[in-house]
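Novice: Contents are JSON, C-alpha atoms and all ligand atoms; file name model_37.json:
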```json
[["chain", "number", "residue", "atom", "x", "y", "z"],
["D", 1, "MET", "CA", 149.60, 90.46, 77.37],
["D", 2, "GLU", "CA", 150.80, 93.20, 79.73],
["D", 3, "TYR", "CA", 147.44, 94.69, 80.65],
["D", 4, "VAL", "CA", 143.72, 94.74, 79.97],
["D", 5, "LEU", "CA", 142.15, 98.17, 80.02],
["D", 6, "LYS", "CA", 138.61, 99.37, 79.58],
["D", 7, "ILE", "CA", 138.16, 102.97, 78.60],
["D", 8, "GLY", "CA", 134.66, 104.00, 79.59],
["D", 9, "GLY", "CA", 132.11, 105.33, 77.19],
["D", 10, "SER", "CA", 131.72, 107.88, 79.99],
["D", 11, "VAL", "CA", 135.07, 109.48, 79.08],
["D", 12, "LEU", "CA", 135.24, 108.78, 75.32],
["D", 13, "THR", "CA", 131.76, 110.10, 74.57],
["D", 14, "ASP", "CA", 129.42, 112.76, 75.82],
["D", 15, "LYS", "CA", 126.93, 110.52, 77.61],
["D", 16, "ASN", "CA", 124.27, 113.22, 77.49],
["D", 17, "LYS", "CA", 124.30, 113.68, 73.70],
["D", 18, "GLU", "CA", 123.54, 110.71, 71.49],
["D", 19, "LYS", "CA", 126.44, 109.63, 69.31],
["D", 20, "THR", "CA", 128.82, 112.42, 70.28],
["D", 21, "LEU", "CA", 132.52, 112.02, 71.07],
["D", 22, "SER", "CA", 133.82, 113.77, 74.19],
["D", 23, "GLU", "CA", 136.21, 116.72, 74.07],
["D", 24, "ASP", "CA", 138.84, 114.50, 75.71],
["D", 25, "PHE", "CA", 138.56, 111.69, 73.12],
["D", 26, "ASP", "CA", 141.90, 112.38, 71.41],
["D", 27, "SER", "CA", 143.91, 113.23, 74.52],
["D", 28, "ILE", "CA", 142.74, 110.11, 76.37],
["D", 29, "LEU", "CA", 143.67, 107.75, 73.55],
["D", 30, "GLU", "CA", 147.03, 109.47, 73.04],
["D", 31, "ASN", "CA", 148.10, 108.03, 76.42],
["D", 32, "LEU", "CA", 148.27, 104.61, 74.74],
["D", 33, "LYS", "CA", 151.19, 105.55, 72.51],
["D", 34, "GLY", "CA", 153.85, 102.86, 72.95],
["D", 35, "HIS", "CA", 151.53, 100.54, 74.91],
["D", 36, "GLU", "CA", 150.63, 98.11, 72.12],
["D", 37, "ASN", "CA", 151.05, 94.93, 74.18],
["D", 38, "GLY", "CA", 147.67, 94.96, 75.90],
["D", 39, "VAL", "CA", 143.99, 94.39, 75.24],
["D", 40, "LEU", "CA", 141.71, 97.38, 74.99],
["D", 41, "VAL", "CA", 138.00, 97.31, 75.67],
["D", 42, "HIS", "CA", 135.73, 100.28, 75.37],
["D", 43, "GLY", "CA", 132.29, 101.08, 76.66],
["D", 44, "ALA", "CA", 129.36, 102.33, 74.68],
["D", 45, "GLY", "CA", 128.59, 105.70, 76.22],
["D", 46, "SER", "CA", 126.12, 107.63, 74.09],
["D", 47, "TYR", "CA", 126.74, 105.19, 71.19],
["D", 48, "GLY", "CA", 124.94, 102.35, 72.96],
["D", 49, "HIS", "CA", 123.21, 102.91, 76.28],
["D", 50, "PRO", "CA", 120.39, 105.23, 75.07],
["D", 51, "GLN", "CA", 119.74, 103.09, 71.97],
["D", 52, "ALA", "CA", 119.65, 99.87, 74.00],
["D", 53, "GLU", "CA", 117.33, 101.39, 76.55],
["D", 54, "LYS", "CA", 114.96, 102.85, 73.94],
["D", 55, "HIS", "CA", 114.43, 99.45, 72.30],
["D", 56, "GLY", "CA", 114.52, 97.23, 75.42],
["D", 57, "VAL", "CA", 117.44, 95.22, 74.01],
["D", 58, "LYS", "CA", 118.49, 94.13, 77.49],
["D", 59, "GLU", "CA", 115.02, 92.66, 78.05],
["D", 60, "GLY", "CA", 115.29, 90.46, 74.97],
["D", 61, "SER", "CA", 113.83, 92.63, 72.22],
["D", 62, "TYR", "CA", 115.43, 92.06, 68.83],
["D", 63, "GLN", "CA", 114.28, 95.47, 67.73],
["D", 64, "GLY", "CA", 117.28, 97.73, 68.10],
["D", 65, "VAL", "CA", 119.86, 94.92, 68.19],
["D", 66, "LEU", "CA", 121.35, 95.93, 64.87],
["D", 67, "GLU", "CA", 121.05, 99.63, 65.66],
["D", 68, "VAL", "CA", 122.99, 99.19, 68.90],
["D", 69, "HIS", "CA", 125.66, 97.07, 67.22],
["D", 70, "ARG", "CA", 126.02, 99.49, 64.30],
["D", 71, "SER", "CA", 126.29, 102.47, 66.56],
["D", 72, "ILE", "CA", 128.89, 100.89, 68.88],
["D", 73, "SER", "CA", 130.83, 99.73, 65.83],
["D", 74, "GLU", "CA", 130.96, 103.34, 64.65],
["D", 75, "LEU", "CA", 132.54, 104.33, 67.96],
["D", 76, "ASN", "CA", 134.91, 101.36, 67.65],
["D", 77, "THR", "CA", 136.01, 102.56, 64.20],
["D", 78, "GLU", "CA", 136.70, 106.08, 65.51],
["D", 79, "ILE", "CA", 138.86, 104.56, 68.26],
["D", 80, "LEU", "CA", 140.75, 102.30, 65.83],
["D", 81, "GLU", "CA", 141.52, 105.24, 63.59],
["D", 82, "LYS", "CA", 142.83, 107.36, 66.45],
["D", 83, "LEU", "CA", 144.98, 104.50, 67.80],
["D", 84, "SER", "CA", 146.46, 103.83, 64.41],
["D", 85, "GLU", "CA", 147.29, 107.55, 64.07],
["D", 86, "ILE", "CA", 149.47, 107.31, 67.20],
["D", 87, "GLY", "CA", 151.37, 104.30, 65.92],
["D", 88, "LEU", "CA", 149.48, 101.28, 67.27],
["D", 89, "LYS", "CA", 148.18, 98.54, 65.02],
["D", 90, "PRO", "CA", 144.68, 98.06, 66.44],
["D", 91, "VAL", "CA", 142.39, 95.22, 65.34],
["D", 92, "PRO", "CA", 138.64, 95.20, 66.05],
["D", 93, "VAL", "CA", 137.24, 92.19, 67.90],
["D", 94, "HIS", "CA", 133.46, 92.55, 67.92],
["D", 95, "THR", "CA", 132.32, 90.89, 71.11],
["D", 96, "SER", "CA", 129.01, 89.69, 69.66],
["D", 97, "SER", "CA", 130.98, 87.33, 67.39],
["D", 98, "ILE", "CA", 132.80, 85.60, 70.27],
["D", 99, "ALA", "CA", 130.13, 85.60, 73.01],
["D", 100, "TYR", "CA", 127.13, 83.54, 74.09],
["D", 101, "ARG", "CA", 125.06, 83.35, 77.30],
["D", 102, "ASN", "CA", 123.79, 79.96, 78.41],
["D", 103, "PRO", "CA", 123.00, 81.54, 80.96],
["D", 104, "GLU", "CA", 126.64, 81.95, 82.08],
["D", 105, "THR", "CA", 128.61, 84.11, 79.71],
["D", 106, "GLN", "CA", 130.94, 82.23, 77.41],
["D", 107, "LEU", "CA", 133.60, 84.31, 75.72],
["D", 108, "HIS", "CA", 136.04, 82.82, 73.23],
["D", 109, "LEU", "CA", 139.14, 84.77, 74.09],
["D", 110, "ASP", "CA", 141.90, 82.42, 72.91],
["D", 111, "LYS", "CA", 142.54, 84.41, 69.75],
["D", 112, "LEU", "CA", 143.53, 87.52, 71.72],
["D", 113, "SER", "CA", 147.00, 86.21, 72.53],
["D", 114, "GLY", "CA", 147.53, 85.31, 68.87],
["D", 115, "ILE", "CA", 146.61, 88.83, 67.77],
["D", 116, "LEU", "CA", 149.05, 90.28, 70.33],
["D", 117, "ASP", "CA", 151.83, 87.89, 69.30],
["D", 118, "GLU", "CA", 151.58, 89.33, 65.80],
["D", 119, "GLY", "CA", 152.13, 92.85, 67.17],
["D", 120, "PHE", "CA", 148.50, 93.96, 66.86],
["D", 121, "THR", "CA", 146.34, 95.41, 69.64],
["D", 122, "PRO", "CA", 142.86, 93.88, 69.99],
["D", 123, "VAL", "CA", 140.06, 96.36, 70.65],
["D", 124, "LEU", "CA", 136.83, 94.87, 72.03],
["D", 125, "HIS", "CA", 133.68, 96.61, 73.18],
["D", 126, "GLY", "CA", 130.44, 96.24, 75.06],
["D", 127, "ASP", "CA", 127.99, 94.72, 72.60],
["D", 128, "ILE", "CA", 124.85, 92.71, 71.94],
["D", 129, "VAL", "CA", 125.06, 89.02, 72.87],
["D", 130, "PRO", "CA", 122.80, 86.05, 72.05],
["D", 131, "HIS", "CA", 121.12, 84.62, 75.16],
["D", 132, "LYS", "CA", 119.82, 81.06, 75.21],
["D", 133, "ASP", "CA", 115.98, 80.99, 75.08],
["D", 134, "LYS", "CA", 115.82, 84.75, 75.58],
["D", 135, "GLY", "CA", 116.88, 86.32, 72.29],
["D", 136, "PHE", "CA", 119.52, 88.97, 72.70],
["D", 137, "THR", "CA", 120.85, 90.95, 75.61],
["D", 138, "ILE", "CA", 123.75, 93.30, 76.33],
["D", 139, "ILE", "CA", 127.25, 92.42, 77.46],
["D", 140, "SER", "CA", 129.18, 95.22, 79.15],
["D", 141, "GLY", "CA", 132.82, 96.08, 78.67],
["D", 142, "ASP", "CA", 133.05, 95.67, 82.45],
["D", 143, "GLU", "CA", 132.19, 91.97, 82.20],
["D", 144, "ILE", "CA", 134.54, 91.49, 79.24],
["D", 145, "VAL", "CA", 137.49, 92.86, 81.23],
["D", 146, "ALA", "CA", 136.69, 90.56, 84.17],
["D", 147, "LYS", "CA", 136.63, 87.51, 81.87],
["D", 148, "ILE", "CA", 139.87, 88.47, 80.11],
["D", 149, "GLU", "CA", 141.65, 89.05, 83.42],
["D", 150, "LYS", "CA", 140.33, 85.74, 84.74],
["D", 151, "GLN", "CA", 141.68, 83.86, 81.72],
["D", 152, "TYR", "CA", 144.98, 85.68, 81.22],
["D", 153, "SER", "CA", 145.93, 86.90, 84.78],
["D", 154, "THR", "CA", 147.78, 90.01, 83.56],
["D", 155, "GLY", "CA", 147.87, 91.41, 87.13],
["D", 156, "LYS", "CA", 147.09, 94.72, 85.48],
["D", 157, "ALA", "CA", 143.38, 95.16, 84.78],
["D", 158, "GLY", "CA", 142.05, 98.70, 84.76],
["D", 159, "PHE", "CA", 139.05, 100.91, 84.13],
["D", 160, "CYS", "CA", 139.28, 104.52, 83.08],
["D", 161, "SER", "CA", 135.93, 106.08, 83.91],
["D", 162, "SER", "CA", 134.28, 109.44, 84.60],
["D", 163, "VAL", "CA", 135.15, 109.43, 88.33],
["D", 164, "GLU", "CA", 138.57, 109.27, 90.04],
["D", 165, "GLY", "CA", 137.74, 105.92, 91.61],
["D", 166, "VAL", "CA", 135.09, 104.21, 93.71],
["D", 167, "LEU", "CA", 133.59, 106.78, 96.07],
["D", 168, "ASP", "CA", 132.53, 106.23, 99.68],
["D", 169, "ASP", "CA", 129.34, 107.74, 101.15],
["D", 170, "GLU", "CA", 131.14, 111.06, 101.74],
["D", 171, "GLY", "CA", 132.38, 111.22, 98.17],
["D", 172, "ASN", "CA", 136.03, 110.36, 98.92],
["D", 173, "VAL", "CA", 137.93, 107.98, 96.65],
["D", 174, "LEU", "CA", 138.47, 104.62, 98.36],
["D", 175, "ASP", "CA", 142.00, 103.13, 98.22],
["D", 176, "GLU", "CA", 140.56, 99.64, 98.09],
["D", 177, "ILE", "CA", 137.20, 97.87, 98.00],
["D", 178, "ASN", "CA", 136.89, 94.19, 98.89],
["D", 179, "SER", "CA", 133.18, 93.41, 98.73],
["D", 180, "MET", "CA", 129.84, 94.80, 97.58],
["D", 181, "GLU", "CA", 128.93, 95.51, 101.23],
["D", 182, "GLU", "CA", 131.46, 98.34, 101.09],
["D", 183, "PHE", "CA", 129.87, 99.88, 97.99],
["D", 184, "THR", "CA", 127.66, 102.99, 98.22],
["D", 185, "ASP", "CA", 125.54, 103.72, 95.17],
["D", 186, "LYS", "CA", 125.88, 107.40, 94.32],
["D", 187, "GLY", "CA", 123.40, 107.15, 91.44],
["D", 188, "MET", "CA", 123.91, 107.88, 87.76],
["D", 189, "LYS", "CA", 124.20, 111.08, 85.79],
["D", 190, "ALA", "CA", 123.39, 109.44, 82.46],
["D", 191, "THR", "CA", 121.75, 106.29, 81.12],
["D", 192, "ASP", "CA", 123.77, 103.13, 81.76],
["D", 193, "VAL", "CA", 122.01, 99.86, 81.00],
["D", 194, "THR", "CA", 124.74, 97.75, 82.59],
["D", 195, "GLY", "CA", 124.60, 99.04, 86.17],
["D", 196, "GLY", "CA", 127.12, 101.89, 86.14],
["D", 197, "MET", "CA", 129.89, 101.82, 88.75],
["D", 198, "LYS", "CA", 128.06, 99.24, 90.85],
["D", 199, "GLY", "CA", 127.93, 96.77, 87.94],
["D", 200, "LYS", "CA", 131.60, 97.41, 87.18],
["D", 201, "VAL", "CA", 132.75, 96.59, 90.72],
["D", 202, "LYS", "CA", 130.38, 93.63, 91.02],
["D", 203, "GLN", "CA", 131.62, 91.99, 87.81],
["D", 204, "GLN", "CA", 135.21, 91.99, 89.13],
["D", 205, "ILE", "CA", 134.20, 90.68, 92.56],
["D", 206, "ASP", "CA", 131.99, 87.95, 91.06],
["D", 207, "GLU", "CA", 134.85, 86.82, 88.82],
["D", 208, "GLY", "CA", 137.34, 87.07, 91.72],
["D", 209, "VAL", "CA", 139.79, 89.31, 89.86],
["D", 210, "LYS", "CA", 141.69, 92.41, 90.95],
["D", 211, "ALA", "CA", 141.27, 95.61, 88.95],
["D", 212, "ARG", "CA", 141.95, 99.30, 89.33],
["D", 213, "ILE", "CA", 139.34, 102.03, 88.70],
["D", 214, "PHE", "CA", 140.53, 105.57, 88.02],
["D", 215, "GLY", "CA", 139.65, 108.76, 86.12],
["D", 216, "LYS", "CA", 141.10, 110.15, 82.91],
["D", 217, "ASP", "CA", 143.92, 111.85, 84.81],
["D", 218, "GLY", "CA", 144.90, 108.45, 86.22],
["D", 219, "LEU", "CA", 145.30, 106.72, 82.88],
["D", 220, "GLU", "CA", 148.98, 107.56, 82.39],
["D", 221, "ASP", "CA", 149.68, 106.54, 86.01],
["D", 222, "PHE", "CA", 147.97, 103.21, 85.42],
["D", 223, "LEU", "CA", 149.97, 102.50, 82.28],
["D", 224, "GLU", "CA", 153.21, 103.45, 84.08],
["D", 225, "ASP", "CA", 152.38, 101.26, 87.15],
["D", 226, "ARG", "CA", 151.82, 104.16, 89.54],
["D", 227, "ASN", "CA", 148.55, 102.70, 90.91],
["D", 228, "PRO", "CA", 145.93, 105.48, 90.67],
["D", 229, "GLY", "CA", 142.35, 105.39, 91.99],
["D", 230, "THR", "CA", 140.73, 102.44, 93.73],
["D", 231, "LEU", "CA", 141.87, 98.82, 93.78],
["D", 232, "VAL", "CA", 139.00, 96.33, 93.59],
["D", 233, "ASN", "CA", 140.45, 93.41, 95.50],
["D", 234, "PRO", "CA", 138.09, 90.49, 96.15],
["D", 235, "SER", "CA", 140.73, 88.47, 98.02],
["D", 236, "PRO", "CA", 142.68, 90.68, 100.45],
["D", 237, "GLN", "CA", 145.48, 88.98, 102.41],
["D", 301, "LIG", "N1", 130.17, 104.73, 94.71],
["D", 301, "LIG", "C1", 130.40, 105.21, 93.48],
["D", 301, "LIG", "N2", 131.66, 105.52, 93.13],
["D", 301, "LIG", "C2", 131.94, 106.03, 91.90],
["D", 301, "LIG", "N3", 131.00, 106.25, 90.95],
["D", 301, "LIG", "C3", 129.72, 105.96, 91.24],
["D", 301, "LIG", "C4", 129.37, 105.41, 92.51],
["D", 301, "LIG", "N4", 128.03, 105.20, 92.50],
["D", 301, "LIG", "C5", 127.58, 105.59, 91.31],
["D", 301, "LIG", "N5", 128.57, 106.07, 90.53],
["D", 301, "LIG", "C6", 128.40, 106.61, 89.16],
["D", 301, "LIG", "O1", 128.90, 105.69, 88.21],
["D", 301, "LIG", "C7", 129.13, 106.44, 87.00],
["D", 301, "LIG", "C8", 130.25, 105.77, 86.22],
["D", 301, "LIG", "O2", 129.76, 104.60, 85.62],
["D", 301, "LIG", "P1", 129.41, 104.57, 84.07],
["D", 301, "LIG", "O3", 128.82, 103.23, 83.77],
["D", 301, "LIG", "O4", 128.63, 105.78, 83.67],
["D", 301, "LIG", "O5", 130.85, 104.73, 83.41],
["D", 301, "LIG", "P2", 131.59, 103.81, 82.35],
["D", 301, "LIG", "O6", 131.37, 102.37, 82.66],
["D", 301, "LIG", "O7", 132.99, 104.32, 82.36],
["D", 301, "LIG", "O8", 130.89, 104.20, 80.98],
["D", 301, "LIG", "P3", 130.30, 103.15, 79.87],
["D", 301, "LIG", "O9", 129.34, 102.25, 80.57],
["D", 301, "LIG", "O10", 129.60, 104.04, 78.87],
["D", 301, "LIG", "O11", 131.48, 102.48, 79.33],
["D", 301, "LIG", "C9", 129.42, 107.86, 87.40],
["D", 301, "LIG", "O12", 128.46, 108.71, 86.78],
["D", 301, "LIG", "C10", 129.19, 107.88, 88.91],
["D", 301, "LIG", "O13", 128.47, 109.00, 89.31],
["D", 302, "MG", "MG", 129.22, 101.59, 82.47]]
```
Please, can you express the file's structure as structure tokens?
Ligand SMILES: Nc1ncnc2c1ncn2[C@@H]1O[C@H](COP(=O)(O)OP(=O)(O)OP(=O)(O)O)[C@@H](O)[C@H]1O
Ligand SMILES: [Mg+2]
Specialist:
Amino acid sequence: MEYVLKIGGSVLTDKNKEKTLSEDFDSILENLKGHENGVLVHGAGSYGHPQAEKHGVKEGSYQGVLEVHRSISELNTEILEKLSEIGLKPVPVHTSSIAYRNPETQLHLDKLSGILDEGFTPVLHGDIVPHKDKGFTIISGDEIVAKIEKQYSTGKAGFCSSVEGVLDDEGNVLDEINSMEEFTDKGMKATDVTGGMKGKVKQQIDEGVKARIFGKDGLEDFLEDRNPGTLVNPSPQ
């Protein structure tokens, strides 16, 4: 496993229009040509956040659980089809089938290396997850990446999102962020039930893993080891 990469729903979809792909959908995924030896995770964007919020899925309501899963699976299928068009052999791994909260998140990730060994590229996604004594809740792609990086230590975990990196209070992209004390919340443009950029950074820091956050123009640089955007580094030397 050379890398683990989450491509945000914020860049693959139009977060302001329910169930709509973004104009950049094809061009973003085309960057992955020739990079089959990694694990891809995608966010939900407008295929998950508004539906989850409407039904209170994060607060334990079963109503909407299937709608959210169906809708995210539709986005997953679109992504698989595009990746296969550019020569990858993507395989869906629906997170809800390998996850459980008790209350810590348990993710059964062992099969990922087997899928890669066969020359296929696993594609996971933010999803619904059963939660002990509380029904269902939501698991974000941000948390999934942190858990995969923790287990597999690729040294190359990344997030392609709608901003060029983590921004400071003046709106400049930070080179590095080491703790949540350094994070300034700039608010959200669209619904995000998993905490937006703040949740993304926090998941990596809580898990103690390094990851890079960058925009769509940084994706090629990330894949080619040119270090775009912001490094989340919970254990600086
Ligand atoms: N300090 C900050 N630095 C960067 N972005 C920030 C900051 N504070 C808040 N944000 C907001 O976080 C948003 C990006 O997070 P968001 O969850 O929408 O993206 P994503 O995780 O890529 O998408 P998805 O959750 O659909 O996969 C941006 O709209 C940005 O404005
Ligand atoms: Mg998000």
Novice: Show me, as an MDAnalysis selection string, the residues that have an atom within 12 Å of Lys89 (chain D) when counting all atoms listed in the file, minus same-chain residues fewer than 3 positions from it.
Specialist: chainID D and resid 32:40 79:86 92 115:116 118:123
Novice: Given a cut-off of 8 Å, what residues near ligand MG 302 (chain D) show up using all atoms listed in the file, put as a compact mmCIF listing (two decimals) with C-alpha atoms, in the coordinates of the input?
Specialist:
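Result file is pocket.txt:
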```
# COMPACT_ATOMS: atom_id res chain seq x y z
CA GLY D 8 134.66 104.00 79.59
CA GLY D 9 132.11 105.33 77.19
CA SER D 10 131.72 107.88 79.99
CA GLY D 43 132.29 101.08 76.66
CA ALA D 44 129.36 102.33 74.68
CA GLY D 45 128.59 105.70 76.22
CA SER D 140 129.18 95.22 79.15
CA GLY D 141 132.82 96.08 78.67
CA ASP D 142 133.05 95.67 82.45
CA ASP D 192 123.77 103.13 81.76
CA VAL D 193 122.01 99.86 81.00
CA THR D 194 124.74 97.75 82.59
CA GLY D 195 124.60 99.04 86.17
CA GLY D 196 127.12 101.89 86.14
CA MET D 197 129.89 101.82 88.75
CA GLY D 199 127.93 96.77 87.94
CA LYS D 200 131.60 97.41 87.18
```
Novice: Looking at D:Gln51, D:Ser235, D:Gln63, D:Ser179, which one is nearest to Gly208 (chain D), with distances taken over all atoms listed in the file?
Specialist: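 Selected residue with least distance to Gly208 (chain D): D:Ser235.
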Novice: So, with only C-alpha atoms as the atoms that count, which of D:His131, D:Lys150, D:Lys17, D:Lys216 lies closest to Glu59 (chain D)?
Specialist: D:His131
Novice: Extract, using all atoms listed in the file, all DNA, RNA and protein residues at most 12 Å from region 96-98 of chain D, discarding same-chain residues fewer than 6 positions from it, and format them as a PyMOL selection string.
Specialist: chain D and resi 65-66+68-70+72-73+105-112+124-131+136-141+144
Novice: Would you compute the distance between CA of Val57 (chain D) and CA of Lys134 (chain D)? Give it in Å to one decimal.
Specialist: 10.7 Å
Novice: Determine the nearest neighbour of Glu30 (chain D) from the options D:Pro50, D:Leu219, D:Asp133, D:Asn102, counting only C-alpha atoms.
Specialist: D:Leu219
Novice: Mind pulling up the distance from CA of Ile205 (chain D) to atom O13 of ligand LIG 301 (chain D)?
Specialist: 19.5 Å
Novice: Which of these, D:Asp117, D:Glu143, D:Asp24, D:Asp217, has the shortest distance to ligand LIG 301 (chain D) once you count all atoms listed in the file?
Specialist: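 Closest candidate: D:Glu143.
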Novice: From the set D:Gly215, D:Phe222, D:Glu18, D:Leu231, which residue has the shortest atom-to-atom contact distance to Ser162 (chain D), counting all atoms listed in the file?
Specialist: D:Gly215
Novice: How many Å separate CA of Met188 (chain D) from CA of Val11 (chain D)?
Specialist: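 Distance reported for this atom pair: 14.2 Å.
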Novice: If we count all atoms listed in the file, what is near Leu5 (chain D) at a cut-off of 9 Å, once residues fewer than 4 positions away on the same chain are taken out, given as number ranges by chain?
Specialist: D: 38-42, 145, 156-160
Novice: Choose the residue, out of D:Val201, D:Ile148, D:Ile177, D:Val166, that has the smallest atom-to-atom separation from Met1 (chain D); count all atoms listed in the file.
Specialist: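 Ranked by minimum distance to Met1 (chain D), first place goes to D:Ile148.
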Novice: List as a PDB file with C-alpha atoms, keeping the file's coordinate frame the protein and nucleic acid residues near Glu149 (chain D), meaning an atom at most 9 Å away when only C-alpha atoms are counted, but skip any in the same chain fewer than 2 places from it.
Specialist:
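Writing the result to selection_12.pdb gives the following:
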```pdb
ATOM      1  CA  TYR D   3     147.440  94.690  80.650  1.00  0.00           C
ATOM      2  CA  VAL D   4     143.720  94.740  79.970  1.00  0.00           C
ATOM      3  CA  ILE D 144     134.540  91.490  79.240  1.00  0.00           C
ATOM      4  CA  VAL D 145     137.490  92.860  81.230  1.00  0.00           C
ATOM      5  CA  ALA D 146     136.690  90.560  84.170  1.00  0.00           C
ATOM      6  CA  LYS D 147     136.630  87.510  81.870  1.00  0.00           C
ATOM      7  CA  GLN D 151     141.680  83.860  81.720  1.00  0.00           C
ATOM      8  CA  TYR D 152     144.980  85.680  81.220  1.00  0.00           C
ATOM      9  CA  SER D 153     145.930  86.900  84.780  1.00  0.00           C
ATOM     10  CA  THR D 154     147.780  90.010  83.560  1.00  0.00           C
ATOM     11  CA  GLY D 155     147.870  91.410  87.130  1.00  0.00           C
ATOM     12  CA  LYS D 156     147.090  94.720  85.480  1.00  0.00           C
ATOM     13  CA  ALA D 157     143.380  95.160  84.780  1.00  0.00           C
ATOM     14  CA  GLU D 207     134.850  86.820  88.820  1.00  0.00           C
ATOM     15  CA  VAL D 209     139.790  89.310  89.860  1.00  0.00           C
ATOM     16  CA  LYS D 210     141.690  92.410  90.950  1.00  0.00           C
ATOM     17  CA  ALA D 211     141.270  95.610  88.950  1.00  0.00           C
TER      18      ALA D 211
END
```
Novice: Show which residues sit within 7 Å of Phe214 (chain D), as an NGL selection string. Count all atoms listed in the file, and ignore same-chain residues fewer than 2 positions away.
Specialist: :D and (159-161 or 163-165 or 212 or 216 or 218 or 228-230)
